[in-house]
>>> print(open('my_file03.txt').read())   # compact mmCIF, C-alpha atoms
# COMPACT_ATOMS: atom_id res chain seq x y z
CA MET W 18 -9.99 -14.08 -85.44
CA SER W 19 -12.61 -14.78 -88.05
CA ILE W 20 -14.92 -12.18 -89.55
CA GLU W 21 -17.41 -12.07 -86.73
CA HIS W 22 -18.96 -8.98 -85.16
CA LEU W 23 -19.24 -7.40 -88.59
CA ILE W 24 -21.36 -4.48 -87.39
CA LEU W 25 -18.93 -3.64 -84.59
CA ARG W 26 -16.03 -3.79 -87.04
CA VAL W 27 -17.71 -1.42 -89.47
CA VAL W 28 -18.69 0.95 -86.65
CA ILE W 29 -15.17 1.15 -85.21
CA LYS W 30 -13.75 1.75 -88.68
CA ILE W 31 -16.10 4.69 -89.11
CA MET W 32 -15.65 6.00 -85.56
CA PHE W 33 -11.87 5.67 -85.26
CA ALA W 34 -10.86 8.88 -87.07
CA PRO W 35 -13.60 11.10 -85.52
CA ILE W 36 -12.57 9.93 -82.03
CA LEU W 37 -8.95 10.88 -82.71
CA LEU W 38 -10.08 14.21 -84.16
CA PHE W 39 -12.21 14.90 -81.09
CA ALA W 40 -9.23 14.05 -78.86
CA LEU W 41 -7.09 16.57 -80.74
CA TYR W 42 -9.84 19.18 -80.40
CA VAL W 43 -10.05 18.59 -76.64
CA GLN W 44 -6.25 18.67 -76.43
CA PHE W 45 -5.65 21.97 -78.17
CA HIS W 46 -8.87 23.70 -77.14
CA GLY W 47 -8.35 23.04 -73.44
CA ASP W 48 -7.50 26.63 -72.57
CA PHE W 49 -10.71 27.95 -74.16
CA GLY W 50 -13.23 25.34 -73.03
CA PRO W 51 -13.46 22.26 -70.85
CA GLY W 52 -10.79 19.70 -71.53
CA GLY W 53 -7.04 19.46 -71.61
CA GLY W 54 -4.25 16.96 -71.76
CA PHE W 55 -5.67 14.38 -69.35
CA GLN W 56 -9.07 14.11 -71.01
CA ALA W 57 -7.63 14.28 -74.52
CA GLY W 58 -5.08 11.61 -73.69
CA VAL W 59 -7.79 9.28 -72.44
CA ILE W 60 -10.02 9.87 -75.47
CA PHE W 61 -7.05 9.29 -77.78
CA ALA W 62 -6.30 6.03 -75.97
CA VAL W 63 -9.95 4.95 -76.12
CA ALA W 64 -9.85 4.94 -79.93
CA PHE W 65 -7.02 2.41 -79.88
CA ILE W 66 -8.56 0.39 -77.04
CA LEU W 67 -11.83 0.09 -78.99
CA HIS W 68 -9.86 -0.98 -82.03
CA ALA W 69 -8.05 -3.62 -79.98
CA LEU W 70 -11.31 -4.86 -78.42
CA ILE W 71 -12.96 -5.46 -81.77
CA MET W 72 -10.13 -6.16 -84.23
CA GLY W 73 -8.00 -8.10 -81.76
CA LEU W 74 -4.88 -7.06 -79.90
CA GLU W 75 -2.48 -8.23 -82.60
CA GLU W 76 -3.97 -5.92 -85.22
CA THR W 77 -3.64 -2.88 -82.95
CA LYS W 78 -0.10 -3.79 -81.95
CA ARG W 79 0.88 -3.67 -85.61
CA VAL W 80 -0.16 0.00 -85.67
CA LEU W 81 0.97 0.95 -82.18
CA PRO W 82 3.69 -1.43 -80.97
CA VAL W 83 4.58 -1.79 -77.30
CA GLY W 84 8.06 -0.39 -77.92
CA ALA W 85 6.66 2.84 -79.36
CA LEU W 86 4.33 3.21 -76.38
CA LYS W 87 7.21 2.86 -73.93
CA ILE W 88 9.08 5.65 -75.69
CA LEU W 89 5.96 7.85 -75.84
CA MET W 90 5.33 7.40 -72.11
CA VAL W 91 8.80 8.65 -71.25
CA VAL W 92 8.89 11.37 -73.90
CA GLY W 93 5.50 12.72 -72.77
CA PHE W 94 6.61 13.10 -69.19
CA LEU W 95 10.00 14.51 -70.16
CA PHE W 96 8.27 16.97 -72.50
CA TYR W 97 6.44 18.42 -69.52
CA ALA W 98 9.48 18.43 -67.26
CA GLY W 99 11.60 19.75 -70.14
CA THR W 100 9.27 22.73 -70.57
CA GLY W 101 9.88 23.52 -66.93
CA VAL W 102 13.64 23.23 -67.33
CA ALA W 103 13.50 25.35 -70.50
CA THR W 104 11.76 28.19 -68.65
CA MET W 105 14.50 27.97 -66.01
CA LEU W 106 17.19 28.15 -68.69
CA LEU W 107 15.41 31.20 -70.15
CA GLY W 108 15.84 32.91 -66.81
CA GLY W 109 12.45 32.31 -65.19
CA ASN W 110 11.21 29.97 -62.49
CA LEU W 111 10.49 26.26 -63.04
CA LEU W 112 7.31 26.23 -65.19
CA GLY W 113 7.16 30.05 -65.09
CA TYR W 114 5.92 30.34 -68.65
CA ASP W 115 6.21 34.12 -68.87
CA ALA W 116 9.93 33.58 -69.49
CA ILE W 117 9.10 32.08 -72.90
CA ASP W 118 7.92 35.40 -74.29
CA PRO W 119 8.73 38.10 -71.74
CA ALA W 120 8.13 40.98 -74.17
CA SER W 121 4.52 39.98 -74.83
CA THR W 122 1.83 42.27 -73.45
CA HIS W 123 -0.92 39.65 -73.50
CA HIS W 124 0.99 36.78 -71.84
CA ALA W 125 1.71 34.82 -75.02
CA GLY W 126 4.35 32.93 -73.01
CA GLN W 127 1.66 31.55 -70.68
CA HIS W 128 -0.32 30.43 -73.70
CA TRP W 129 2.67 28.64 -75.22
CA GLY W 130 3.69 27.10 -71.92
CA ILE W 131 0.20 25.73 -71.25
CA LEU W 132 -0.01 24.30 -74.78
CA LEU W 133 3.37 22.61 -74.41
CA VAL W 134 2.80 21.04 -71.00
CA GLU W 135 -0.72 19.91 -71.98
CA PHE W 136 0.80 18.26 -75.03
CA GLY W 137 3.23 16.44 -72.76
CA VAL W 138 0.39 15.37 -70.46
CA GLY W 139 -1.68 14.16 -73.41
CA MET W 140 1.18 12.11 -74.81
CA ALA W 141 2.06 10.53 -71.47
CA VAL W 142 -1.56 9.79 -70.49
CA SER W 143 -2.64 8.30 -73.82
CA SER W 144 0.38 6.04 -74.16
CA THR W 145 0.15 4.93 -70.52
CA MET W 146 -3.57 4.11 -70.87
CA VAL W 147 -3.04 2.03 -74.02
CA MET W 148 -0.04 0.39 -72.37
CA ILE W 149 -2.02 -0.60 -69.26
CA PHE W 150 -4.75 -1.99 -71.51
CA TYR W 151 -2.19 -3.97 -73.53
CA GLN W 152 -0.79 -5.44 -70.34
CA PHE W 153 -4.19 -6.58 -69.07
CA ALA W 154 -5.56 -7.74 -72.40
CA GLY W 155 -2.30 -9.37 -73.49
CA ARG W 156 -2.56 -11.96 -70.73
CA GLU W 157 -5.60 -13.69 -72.23
CA PRO W 158 -5.09 -14.75 -75.84
CA GLU W 159 -8.62 -14.01 -77.00
CA ILE W 160 -11.91 -13.11 -75.37
CA ARG W 161 -14.46 -15.74 -76.30
CA ASP W 162 -18.10 -14.75 -76.50
CA GLU W 163 -19.18 -17.35 -73.96
CA ASP W 164 -16.74 -15.82 -71.45
CA TRP W 165 -19.24 -13.08 -70.78
CA MET S 19 -39.88 31.12 -64.88
CA ASP S 20 -36.78 31.38 -62.68
CA ALA S 21 -38.51 29.50 -59.89
CA LEU S 22 -39.54 26.82 -62.35
CA LEU S 23 -35.95 26.48 -63.58
CA ALA S 24 -34.57 26.27 -60.04
CA ASN S 25 -37.14 23.65 -59.09
CA GLY S 26 -36.39 21.69 -62.24
CA GLU S 27 -32.71 21.67 -61.38
CA ILE S 28 -33.44 20.40 -57.88
CA LEU S 29 -35.59 17.64 -59.38
CA ILE S 30 -32.78 16.63 -61.75
CA ASP S 31 -30.26 16.65 -58.90
CA LEU S 32 -32.55 14.55 -56.72
CA ALA S 33 -33.19 12.07 -59.53
CA LEU S 34 -29.45 11.73 -60.25
CA LEU S 35 -28.54 11.30 -56.58
CA THR S 36 -31.31 8.71 -56.09
CA MET S 37 -30.02 6.76 -59.07
CA LEU S 38 -26.45 7.00 -57.71
CA VAL S 39 -27.50 5.57 -54.36
CA SER S 40 -29.57 2.77 -55.93
CA VAL S 41 -26.70 1.80 -58.26
CA ALA S 42 -24.37 1.73 -55.26
CA PHE S 43 -26.77 -0.55 -53.37
CA VAL S 44 -27.13 -2.94 -56.32
CA MET S 45 -23.33 -3.04 -56.64
CA VAL S 46 -22.97 -3.99 -52.99
CA ARG S 47 -25.60 -6.71 -53.26
CA SER S 48 -24.45 -8.22 -56.57
CA ARG S 49 -21.92 -11.06 -56.69
CA HIS S 50 -21.54 -11.18 -60.47
CA LEU S 51 -18.37 -9.28 -61.37
CA PHE S 52 -19.46 -8.41 -64.91
CA VAL S 53 -22.61 -6.76 -63.52
CA ILE S 54 -20.56 -4.87 -60.95
CA VAL S 55 -18.08 -3.56 -63.55
CA MET S 56 -20.92 -2.38 -65.80
CA LEU S 57 -22.70 -0.74 -62.87
CA SER S 58 -19.52 1.08 -61.86
CA GLY S 59 -19.41 2.50 -65.39
CA ILE S 60 -23.02 3.60 -65.02
CA TYR S 61 -22.17 5.10 -61.62
CA SER S 62 -19.38 7.16 -63.21
CA LEU S 63 -21.66 8.33 -65.99
CA LEU S 64 -24.33 9.37 -63.48
CA SER S 65 -21.78 11.30 -61.41
CA ALA S 66 -20.56 12.98 -64.60
CA ALA S 67 -24.14 14.10 -65.27
CA PHE S 68 -24.35 15.35 -61.68
CA PHE S 69 -21.11 17.33 -62.10
CA VAL S 70 -22.56 18.97 -65.22
CA SER S 71 -25.58 19.98 -63.16
CA LEU S 72 -23.14 21.53 -60.64
CA ASP S 73 -21.46 23.48 -63.52
CA ALA S 74 -18.19 21.58 -63.04
CA VAL S 75 -17.81 20.67 -66.70
CA ASP S 76 -14.07 19.94 -66.54
CA VAL S 77 -14.57 17.44 -63.73
CA ALA S 78 -17.56 15.95 -65.53
CA PHE S 79 -15.50 15.54 -68.67
CA THR S 80 -12.74 13.73 -66.80
CA GLU S 81 -15.21 11.53 -64.95
CA ALA S 82 -16.95 10.53 -68.18
CA ALA S 83 -13.70 9.84 -70.04
CA VAL S 84 -11.71 8.17 -67.27
CA GLY S 85 -14.36 6.76 -64.94
CA ALA S 86 -16.99 5.60 -67.40
CA GLY S 87 -14.66 4.94 -70.32
CA VAL S 88 -11.19 3.69 -69.65
CA SER S 89 -11.51 2.29 -66.15
CA THR S 90 -14.55 0.21 -67.13
CA VAL S 91 -12.53 -1.34 -69.97
CA LEU S 92 -9.55 -1.89 -67.67
CA MET S 93 -11.79 -3.51 -65.05
CA LEU S 94 -13.20 -5.80 -67.75
CA GLY S 95 -9.64 -6.67 -68.76
CA ALA S 96 -8.73 -7.38 -65.15
CA MET S 97 -11.92 -9.44 -64.71
CA LEU S 98 -10.84 -11.73 -67.55
CA LEU S 99 -7.80 -12.69 -65.49
CA THR S 100 -9.89 -13.87 -62.57
CA VAL S 101 -13.18 -15.69 -61.95
CA ARG S 102 -16.48 -14.15 -62.98
CA ARG S 103 -18.17 -14.40 -59.61
CA GLU S 104 -17.22 -13.12 -56.22
CA LYS S 105 -16.87 -15.81 -53.57
CA PRO S 106 -19.96 -16.03 -51.36
CA THR S 107 -19.27 -14.34 -48.04
CA ARG S 108 -20.48 -15.34 -44.63
CA THR S 109 -23.83 -13.61 -44.16
CA GLY S 110 -23.86 -13.51 -40.35
CA ARG S 111 -24.86 -10.14 -38.95
CA THR S 112 -22.22 -8.79 -36.61
CA PRO S 113 -23.65 -6.27 -34.15
CA VAL S 114 -20.29 -4.46 -33.85
CA ALA S 115 -20.18 -3.73 -37.57
CA ILE S 116 -23.74 -2.36 -37.56
CA LEU S 117 -22.90 -0.21 -34.53
CA VAL S 118 -19.77 1.23 -36.17
CA VAL S 119 -21.60 1.91 -39.45
CA THR S 120 -24.49 3.60 -37.66
CA LEU S 121 -22.18 5.76 -35.54
CA VAL S 122 -19.95 6.85 -38.44
CA GLY S 123 -22.98 7.40 -40.67
CA SER S 124 -24.77 9.62 -38.17
CA ALA S 125 -21.55 11.54 -37.48
CA LEU S 126 -21.18 12.22 -41.21
CA ILE S 127 -24.81 13.31 -41.55
CA TYR S 128 -24.40 15.53 -38.47
CA ALA S 129 -21.31 17.09 -40.10
CA THR S 130 -23.28 18.04 -43.22
CA PHE S 131 -25.39 20.48 -41.14
CA ASP S 132 -22.26 22.64 -40.80
CA MET S 133 -21.60 22.71 -44.54
CA PRO S 134 -22.26 26.02 -46.31
CA PRO S 135 -25.32 25.98 -48.60
CA TYR S 136 -24.66 25.13 -52.25
CA GLY S 137 -23.52 28.14 -54.28
CA ASP S 138 -22.74 30.22 -51.19
CA GLY S 139 -20.30 32.94 -52.29
CA ALA S 140 -18.88 33.30 -48.80
CA SER S 141 -18.11 29.60 -48.33
CA PRO S 142 -14.43 28.73 -47.70
CA ALA S 143 -14.16 27.02 -51.09
CA ASN S 144 -15.31 30.14 -52.92
CA SER S 145 -13.31 32.69 -50.93
CA TYR S 146 -9.52 32.95 -50.33
CA MET S 147 -7.53 31.19 -53.07
CA GLY S 148 -10.51 30.41 -55.31
CA GLU S 149 -11.44 34.08 -55.42
CA VAL S 150 -7.83 35.09 -56.02
CA TYR S 151 -7.53 32.73 -58.99
CA ILE S 152 -10.76 33.98 -60.56
CA ASP S 153 -9.76 37.63 -60.04
CA ARG S 154 -6.20 37.33 -61.32
CA ALA S 155 -6.26 34.56 -63.96
CA ALA S 156 -7.72 36.81 -66.65
CA LYS S 157 -4.91 39.38 -66.45
CA GLU S 158 -2.00 37.18 -65.32
CA ILE S 159 -2.50 34.13 -67.53
CA ALA S 160 -4.88 35.55 -70.18
CA VAL S 161 -6.44 32.14 -70.82
CA PRO S 162 -10.27 32.03 -70.94
CA ASN S 163 -10.67 28.75 -69.02
CA VAL S 164 -9.70 29.45 -65.40
CA VAL S 165 -9.54 25.71 -64.66
CA THR S 166 -6.78 25.27 -67.24
CA ALA S 167 -4.99 28.37 -65.94
CA VAL S 168 -4.96 26.95 -62.41
CA LEU S 169 -4.13 23.40 -63.50
CA ALA S 170 -1.36 24.09 -65.97
CA SER S 171 0.11 27.40 -64.81
CA TYR S 172 -0.57 28.30 -61.17
CA ARG S 173 -0.32 24.65 -60.15
CA GLY S 174 1.92 23.45 -62.95
CA PHE S 175 4.20 21.71 -60.51
CA ASP S 176 1.26 19.73 -59.05
CA THR S 177 0.24 18.67 -62.53
CA LEU S 178 3.82 17.60 -63.24
CA GLY S 179 3.48 15.36 -60.19
CA GLU S 180 0.15 14.01 -61.45
CA THR S 181 1.66 13.14 -64.81
CA MET S 182 4.45 11.40 -62.91
CA VAL S 183 1.81 9.41 -60.97
CA ILE S 184 0.17 8.23 -64.22
CA PHE S 185 3.57 7.32 -65.64
CA THR S 186 4.47 5.43 -62.47
CA ALA S 187 1.14 3.59 -62.54
CA GLY S 188 1.84 2.46 -66.10
CA LEU S 189 5.35 1.41 -65.10
CA GLY S 190 3.97 -0.57 -62.16
CA VAL S 191 1.51 -2.43 -64.37
CA ILE S 192 4.27 -3.24 -66.87
CA LEU S 193 6.49 -4.59 -64.12
CA LEU S 194 3.70 -6.61 -62.48
CA LEU S 195 1.98 -8.07 -65.53
CA GLY S 196 5.09 -8.10 -67.70
CA ALA S 197 5.63 -6.66 -71.14
CA GLY S 198 7.31 -9.26 -73.32
CA SER S 199 10.65 -7.57 -73.60
CA VAL S 200 10.90 -6.76 -69.91
CA ARG S 201 11.49 -10.42 -69.18
CA GLY S 202 14.61 -10.68 -71.27
CA GLY S 203 12.87 -10.71 -74.63
CA LYS S 204 10.63 -13.65 -73.75
CA ALA S 205 7.16 -13.09 -75.17
CA VAL S 206 4.51 -13.47 -72.50
CA LYS S 207 1.41 -15.01 -74.02
CA ASP S 208 0.97 -12.59 -76.85
CA LYS S 209 0.51 -15.44 -79.31
CA PRO S 210 -2.89 -15.66 -81.08
CA ASP S 211 -4.27 -18.66 -79.21
CA GLY S 212 -3.60 -22.04 -77.76
CA GLU S 213 -0.19 -21.67 -76.20
CA THR S 214 -0.31 -21.17 -72.47
CA PRO S 215 2.49 -19.33 -70.73
CA SER S 216 5.00 -21.32 -68.76
>>> encode(input="my_file03.txt", output="structure tokens")
Amino acid sequence: MSIEHLILRVVIKIMFAPILLFALYVQFHGDFGPGGGFQAGVIFAVAFILHALIMGLEETKRVLPVGALKILMVVGFLFYAGTGVATMLLGGNLLGYDAIDPASTHHAGQHWGILLVEFGVGMAVSSTMVMIFYQFAGREPEIRDEDW
Amino acid sequence: MDALLANGEILIDLALLTMLVSVAFVMVRSRHLFVIVMLSGIYSLLSAAFFVSLDAVDVAFTEAAVGAGVSTVLMLGAMLLTVRREKPTRTGRTPVAILVVTLVGSALIYATFDMPPYGDGASPANSYMGEVYIDRAAKEIAVPNVVTAVLASYRGFDTLGETMVIFTAGLGVILLLGAGSVRGGKAVKDKPDGETPS
């Protein structure tokens, strides 16, 4: 791809890091305000999708290869399920987070549990979204301007 | 002042709902897929604004991120794989269809008369489980956002299933459209340009 869409390229270069930062904020602030793993995962994925739309799919795949996404998809889901199994091994119910820190008087276990499962959700959702986009966009070599 | 605020909110709600309905009508009438995809993004954004007006910020957030953001891009990606225009359909008016639509439509409108008024504290949605969650979340989960408490803790198993659904959706797309390595290491049209897949 030649150096066309210069303005879009500059804008995405400036916006990329703030979008990721906002995704992390939504991810880890979900239990205090609106947001959580699903929304954060989507916002995280959007940064990479925007990058792929403007810089071309090949450039993005060099940063985030398909193989890594496949692993992240599985690890994200297993992270969630694993948290549930861990609470069982600690003597509680499946996903009964109070087992993580039973001595706590202010339910620190719940807080940890929610953070952990939301992290799993975020990982699974973001990698799946980028993956689905890769699959659709990878079928057409390049979007020409006259295609629109 | 309170009356003015309440009236203003009703005006905003009415404006948003009117725009939603008009966007829906334009989407039905249009045959140009690019226009339809863009309008569906606008539709999602309008519903997100409407959810904010209903104080459902978590839902609004999801709608804006997923509906207006990612699914619009995915629809554009899917549109590239097909033609840009919908095939013209037969425009004959079938009386049976109009009859069915009228009947179902009036039944739905009739059903809305039984719905509790908006913000009614005694409505089924606000009593029973909803009330229990709001009463108990603060001392049982100790997380300020009740929505997160319900989503991740009380209904953690449901959310595990939802994550599974997303994962399965991704898996389905990979299997249908084909990631390079899934087909025995054969790259499927990931080359820069020119080469068409066999």
>>> residues_around(input="my_file03.txt", residues="region 26-33 of chain W", least_positions_apart="5", cutoff="12 Å", atoms="all atoms listed in the file", output="list in words")
Ser19, Ile20, Glu21, Leu38, Phe39, Ala40, Ile60, Phe61, Ala62, Val63, Ala64, Phe65, Ile66, Leu67, His68, Ala69, Leu70, Ile71, Met72 and Gly73 of chain W
>>> residues_near_point(input="my_file03.txt", point="(-8.3, 20.3, -68.9)", cutoff="10 Å", atoms="only C-alpha atoms", output="list in words")
Val43, Gln44, Phe45, His46, Gly47, Asp48, Phe49, Gly50, Pro51, Gly52, Gly53, Gly54, Phe55, Gln56, Ala57 and Glu135 of chain W; Val75, Asp76, Val77, Phe79, Thr80, Asn163, Val164, Val165, Thr166, Ala167, Val168, Leu169 and Ala170 of chain S
>>> interface_residues(input="my_file03.txt", of="chain S", to="chain W", cutoff="7 Å", atoms="only C-alpha atoms", output="count of residues only")
35
>>> atom_distance(input="my_file03.txt", atom1="CA of Ser62 (chain S)", atom2="CA of Ala86 (chain S)")
5.1 Å
>>> atom_distance(input="my_file03.txt", atom1="CA of Gly123 (chain S)", atom2="CA of Val41 (chain S)")
18.8 Å
>>> atom_distance(input="my_file03.txt", atom1="CA of Val101 (chain S)", atom2="CA of Met56 (chain S)")
15.9 Å
>>> residues_around(input="my_file03.txt", residues="Glu104 (chain S)", least_positions_apart="2", cutoff="10 Å", atoms="only C-alpha atoms", output="VMD selection string")
chain S and resid 48 to 51 100 to 102 106 to 107
>>> closest_residue(input="my_file03.txt", among="S:Ala129, S:Leu99, S:Met93, S:Leu38", to="Ile54 (chain S)", atoms="all atoms listed in the file")
S:Met93
>>> closest_residue(input="my_file03.txt", among="W:Ala120, W:Leu41, W:Met105, W:Ile24", to="Phe136 (chain W)", atoms="all atoms listed in the file")
W:Leu41
>>> closest_residue(input="my_file03.txt", among="S:Asp176, S:Thr186, S:Leu94, S:Leu34", to="Phe69 (chain S)", atoms="all atoms listed in the file")
S:Leu34
>>> residues_near_point(input="my_file03.txt", point="(-27.8, 22.6, -62.6)", cutoff="6 Å", atoms="all atoms listed in the file", output="list in words")
Glu27, Ser71 and Leu72 of chain S
>>> residues_around(input="my_file03.txt", residues="Ala42 (chain S)", least_positions_apart="3", cutoff="12 Å", atoms="all atoms listed in the file", output="compact mmCIF listing (two decimals) with C-alpha atoms, in the frame of the given file")
# COMPACT_ATOMS: atom_id res chain seq x y z
CA LEU S 35 -28.54 11.30 -56.58
CA THR S 36 -31.31 8.71 -56.09
CA MET S 37 -30.02 6.76 -59.07
CA LEU S 38 -26.45 7.00 -57.71
CA VAL S 39 -27.50 5.57 -54.36
CA MET S 45 -23.33 -3.04 -56.64
CA VAL S 46 -22.97 -3.99 -52.99
CA ARG S 47 -25.60 -6.71 -53.26
CA SER S 48 -24.45 -8.22 -56.57
CA VAL S 53 -22.61 -6.76 -63.52
CA ILE S 54 -20.56 -4.87 -60.95
CA VAL S 55 -18.08 -3.56 -63.55
CA MET S 56 -20.92 -2.38 -65.80
CA LEU S 57 -22.70 -0.74 -62.87
CA SER S 58 -19.52 1.08 -61.86
CA GLY S 59 -19.41 2.50 -65.39
CA ILE S 60 -23.02 3.60 -65.02
CA TYR S 61 -22.17 5.10 -61.62
CA SER S 62 -19.38 7.16 -63.21
CA LEU S 64 -24.33 9.37 -63.48
CA SER S 65 -21.78 11.30 -61.41
>>> axis_aligned_box(input="my_file03.txt", around="region 40-52 of chain W", padding_each_side="8 Å", output="lines of an AutoDock Vina configuration file")
center_x = -9.6
center_y = 21.0
center_z = -75.8
size_x = 23.8
size_y = 29.9
size_z = 25.9
>>> build_atoms(input="my_file03.txt", residues="region 132-151 of chain S", atoms="N, CA and C atoms", output="PDB file, in the frame of the given file")
ATOM      1  N   ASP S 132     -23.178  21.512 -40.882  1.00  0.00           N
ATOM      2  CA  ASP S 132     -22.260  22.640 -40.800  1.00  0.00           C
ATOM      3  C   ASP S 132     -21.776  23.107 -42.165  1.00  0.00           C
ATOM      4  N   MET S 133     -22.093  22.334 -43.216  1.00  0.00           N
ATOM      5  CA  MET S 133     -21.600  22.710 -44.540  1.00  0.00           C
ATOM      6  C   MET S 133     -22.322  23.951 -45.040  1.00  0.00           C
ATOM      7  N   PRO S 134     -21.594  24.841 -45.755  1.00  0.00           N
ATOM      8  CA  PRO S 134     -22.260  26.020 -46.310  1.00  0.00           C
ATOM      9  C   PRO S 134     -23.264  25.589 -47.381  1.00  0.00           C
ATOM     10  N   PRO S 135     -24.344  26.357 -47.573  1.00  0.00           N
ATOM     11  CA  PRO S 135     -25.320  25.980 -48.600  1.00  0.00           C
ATOM     12  C   PRO S 135     -24.674  26.028 -49.987  1.00  0.00           C
ATOM     13  N   TYR S 136     -25.238  25.219 -50.914  1.00  0.00           N
ATOM     14  CA  TYR S 136     -24.660  25.130 -52.250  1.00  0.00           C
ATOM     15  C   TYR S 136     -24.722  26.481 -52.962  1.00  0.00           C
ATOM     16  N   GLY S 137     -23.580  26.876 -53.556  1.00  0.00           N
ATOM     17  CA  GLY S 137     -23.520  28.140 -54.280  1.00  0.00           C
ATOM     18  C   GLY S 137     -23.288  29.345 -53.400  1.00  0.00           C
ATOM     19  N   ASP S 138     -22.976  29.125 -52.118  1.00  0.00           N
ATOM     20  CA  ASP S 138     -22.740  30.220 -51.190  1.00  0.00           C
ATOM     21  C   ASP S 138     -21.423  30.917 -51.562  1.00  0.00           C
ATOM     22  N   GLY S 139     -21.499  32.215 -51.883  1.00  0.00           N
ATOM     23  CA  GLY S 139     -20.300  32.940 -52.290  1.00  0.00           C
ATOM     24  C   GLY S 139     -19.303  33.121 -51.177  1.00  0.00           C
ATOM     25  N   ALA S 140     -19.770  33.061 -49.927  1.00  0.00           N
ATOM     26  CA  ALA S 140     -18.880  33.300 -48.800  1.00  0.00           C
ATOM     27  C   ALA S 140     -18.310  32.008 -48.223  1.00  0.00           C
ATOM     28  N   SER S 141     -18.613  30.871 -48.868  1.00  0.00           N
ATOM     29  CA  SER S 141     -18.110  29.600 -48.330  1.00  0.00           C
ATOM     30  C   SER S 141     -16.589  29.545 -48.493  1.00  0.00           C
ATOM     31  N   PRO S 142     -15.892  28.784 -47.628  1.00  0.00           N
ATOM     32  CA  PRO S 142     -14.430  28.730 -47.700  1.00  0.00           C
ATOM     33  C   PRO S 142     -13.919  28.346 -49.087  1.00  0.00           C
ATOM     34  N   ALA S 143     -14.641  27.449 -49.775  1.00  0.00           N
ATOM     35  CA  ALA S 143     -14.160  27.020 -51.090  1.00  0.00           C
ATOM     36  C   ALA S 143     -14.209  28.148 -52.102  1.00  0.00           C
ATOM     37  N   ASN S 144     -15.159  29.071 -51.932  1.00  0.00           N
ATOM     38  CA  ASN S 144     -15.310  30.140 -52.920  1.00  0.00           C
ATOM     39  C   ASN S 144     -14.539  31.399 -52.550  1.00  0.00           C
ATOM     40  N   SER S 145     -14.094  31.501 -51.289  1.00  0.00           N
ATOM     41  CA  SER S 145     -13.310  32.690 -50.930  1.00  0.00           C
ATOM     42  C   SER S 145     -11.829  32.311 -50.935  1.00  0.00           C
ATOM     43  N   TYR S 146     -10.978  33.166 -50.374  1.00  0.00           N
ATOM     44  CA  TYR S 146      -9.520  32.950 -50.330  1.00  0.00           C
ATOM     45  C   TYR S 146      -8.946  32.626 -51.711  1.00  0.00           C
ATOM     46  N   MET S 147      -8.276  31.473 -51.844  1.00  0.00           N
ATOM     47  CA  MET S 147      -7.530  31.190 -53.070  1.00  0.00           C
ATOM     48  C   MET S 147      -8.437  31.138 -54.307  1.00  0.00           C
ATOM     49  N   GLY S 148      -9.618  30.523 -54.162  1.00  0.00           N
ATOM     50  CA  GLY S 148     -10.510  30.410 -55.310  1.00  0.00           C
ATOM     51  C   GLY S 148     -10.827  31.776 -55.892  1.00  0.00           C
ATOM     52  N   GLU S 149     -11.120  32.724 -54.991  1.00  0.00           N
ATOM     53  CA  GLU S 149     -11.440  34.080 -55.420  1.00  0.00           C
ATOM     54  C   GLU S 149     -10.229  34.730 -56.084  1.00  0.00           C
ATOM     55  N   VAL S 150      -9.055  34.493 -55.475  1.00  0.00           N
ATOM     56  CA  VAL S 150      -7.830  35.090 -56.020  1.00  0.00           C
ATOM     57  C   VAL S 150      -7.592  34.608 -57.438  1.00  0.00           C
ATOM     58  N   TYR S 151      -7.745  33.287 -57.647  1.00  0.00           N
ATOM     59  CA  TYR S 151      -7.530  32.730 -58.990  1.00  0.00           C
ATOM     60  C   TYR S 151      -8.484  33.382 -59.993  1.00  0.00           C
TER      61      TYR S 151
END
